[in-house]
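These notes concern the structure reproduced below.
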Amino acid sequence: MATINMDRLLQACVSQDSSDIHLTVGRPPVFRVDGKLRSLETKVLMPDDTAALMKSITPERNQQELQEEGGTDFGFAFGDKARFRVSVFKQRGNVTLVLRLIPTKILSFDAIGLPKICAALCRRPRGMFLVTGPTGSGKTTTLATMINYINDNFDRHIVTVEDPIEYYHSHKKSIINQREVGIDVPSFSEALRRVLRQDPDVILVGELRDLETIEAAIRAAETGHLVFSTLHTTSAAGTITRIIDVFPVNQQDQIRTQLSINLLAVLSQTLCPLAKGRGRVAAYEFMVVTPAIANLIRENKSYRIDSSIQTGKKLGMQLLDEHLWQLYDSGTITLEELLDKGREPGPLQDKAMAKLKKMKSQQLGDDFGPILRT
């Protein structure tokens with residue numbers, strides 16, 4: 001019975017274009033649609049329901065981990081319709097599941113609105129490209145698009161290390177080998193320790209979680225590989241600071257120098273619901289490491305990076321608030337969303353108020369125009 005129910009839930013998730021399914025005791029199943037939680041009009045889940053639903057999709061190995069550790073993560077395919085990334089955990093002694101829908105179709109650069117220069121950066125033979133943002137901001141989709149672009153256009157050996165594997169890539173012009181932490185390799189750091197012996201050209205590290213992984217990723221970029229990875233930071237300058245702060249104080253100067261030489265770009269992103277209709281749009285902050293920015297990183301002046309981004313528009317650079325404003329100004333997102341997602345909501349609100357005032361005065365001018373002219 002649970003399998004039938006789970007299949008129906010998965011099918012509904014795919015057909016409604018939801019991003020997540022939440023299954024917890026005391027609530028009906030809940031879908032996240034365009035960033036908002038929506039309860040299904042079905043029965044409230046009991047402890048037996050969530051346990052049965054969990055058993056219907058969870059591999060034996062993960063069920064054992066759930067018992068021993070209180071939580072487990074894995075990915076699985078729902079036929080050829082979609083893949084899901086699943087987190088199962090215990091709360092108040094009951095089983096809870098969160099399933100994230102991973103679309104099977106990999107989008108193009110234009111479809112997700114990536115800056116044009118990203119394609120040029122994907123051609124680079126070495127360096128590190130970081131995609132950052134909060135959980136659920138589309139980082140995995142952005143990375144999959146870039147890996148797919150390389151796979152389509154260049155003969156490279158691509159090795160990915162993921163926990164779990166989300167998008168499946170097939171061999172095209174490149175060879176692509178995807179390693180799953182917990183199945184193919186015990187940890188990110190162990191995978192990176194071994195990857196340099198596997199003749200890679202491009203390395204994707206699912207997440208820079210700890211000092212050992214960050215160190216190994218920088219070393220891989222330094223030794224002539226193109227490295228992609230993610231962090232949960234919300235700005236380009238904040239990403240630099242976060243990486244450096246992970247290291248002991250006596251190593252930080254050396255890391256600044258290594259970053260200034262090896263970092264290619266930081267793309268920070270967030271997803272915003274559209275003002276009209278269904279769907280979401282990504283807002284980006286984008287920094288390309290120019291000689292001027294490399295200098296700021298080396299000299300520990302990351303607080304000046306924002307003003308360098310503002311002067312780098314010809315390279316496609318932009319601050320997050322600038323892009324959010326463009327989306328609001330064009331009517332793509334609401335004022336509420338602009339202020340929620342903006343890094344400095346104060347100035348954005350002032351700008352929005354000034355825009356509304358100008359529109360009102362123009363409206364009045366249009367209304368009184370015929371009277372004034374007679």
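Every chain in the structure tokens has a letter given in the order shown (A, B, ...), and although residue numbers restart at 1 in each chain, ligands are simply numbered from 1 in the order shown.
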
Per residue of stretch 218-271 of chain A within 12 Å of stretch 150-166 of chain A, note the shortest atom pair and the distance in Å to one decimal, counting only C-alpha atoms, and order the rows by chain and increasing residue number, as CSV.
residue,atom,partner,partner_atom,distance
A:His225,CA,A:Ile158,CA,10.0
A:Leu226,CA,A:Ile158,CA,9.4
A:Val227,CA,A:Thr160,CA,9.7
A:Phe228,CA,A:Thr160,CA,9.1
A:Ser229,CA,A:Val161,CA,9.7
A:Thr230,CA,A:Glu162,CA,11.0

### Message
Just to confirm, what's the straight-line distance from atom CA of A:Arg85 to atom CA of A:Asp110 in Å (one decimal)?
### Response
25.5 Å

### Message
Taking 2 positions as the minimum chain separation for residues in the same chain, which residues sit within 9 Å of A:Leu267 when counting only C-alpha atoms? Answer as a PyMOL selection string.
### Response
chain A and resi 129-133+235-236+265+269+284-288

### Query
In Å to one decimal, how far is atom CA of A:Ala77 from atom CA of A:Thr96?
19.7 Å

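Close contacts of stretch 352-358 of chain A, defined as residues with an atom at most 9 Å away when counting only C-alpha atoms, with chain neighbours fewer than 3 positions off set aside, comprise Trp325, Tyr328, Asp329, Leu335, Pro347, Leu348, Gln349, Ser361, Gln362 and Gln363 of chain A.
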
### Query
Which is closest to A:Arg123 among A:Lys139, A:Tyr168, A:Thr104, A:Ile147, if we use only C-alpha atoms?
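Checking each candidate against A:Arg123, we get A:Ile147 as the closest.
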
### Task
Output as a count of residues only all residues of stretch 195-354 of chain A that backbone DSSP marks as strand (DSSP E).
30

### Query
Excluding same-chain residues fewer than 4 positions from stretch 274-282 of chain A, what lies within 10 Å of it counting only C-alpha atoms, as a PyMOL selection string?
chain A and resi 17-18+33-35+112-114+137-138+268-270+323-324+327-328+331-337

For A:Ser87, find every residue with an atom within 8 Å (counting only C-alpha atoms), except residues of its own chain fewer than 5 positions away, and show them as a PDB file with C-alpha atoms, in the first residue's frame.
ATOM      1  CA  GLY A  71      19.447  10.044   9.706  1.00  0.00           C
ATOM      2  CA  THR A  72      20.466   9.093   6.151  1.00  0.00           C
ATOM      3  CA  ASP A  73      20.618  10.638   2.642  1.00  0.00           C
ATOM      4  CA  PHE A  74      20.380   8.989  -0.761  1.00  0.00           C
ATOM      5  CA  LEU A  97      11.232  12.265   4.969  1.00  0.00           C
ATOM      6  CA  VAL A  98      12.119  15.241   2.779  1.00  0.00           C
ATOM      7  CA  LEU A  99      12.374  14.513  -0.951  1.00  0.00           C
TER       8      LEU A  99
END
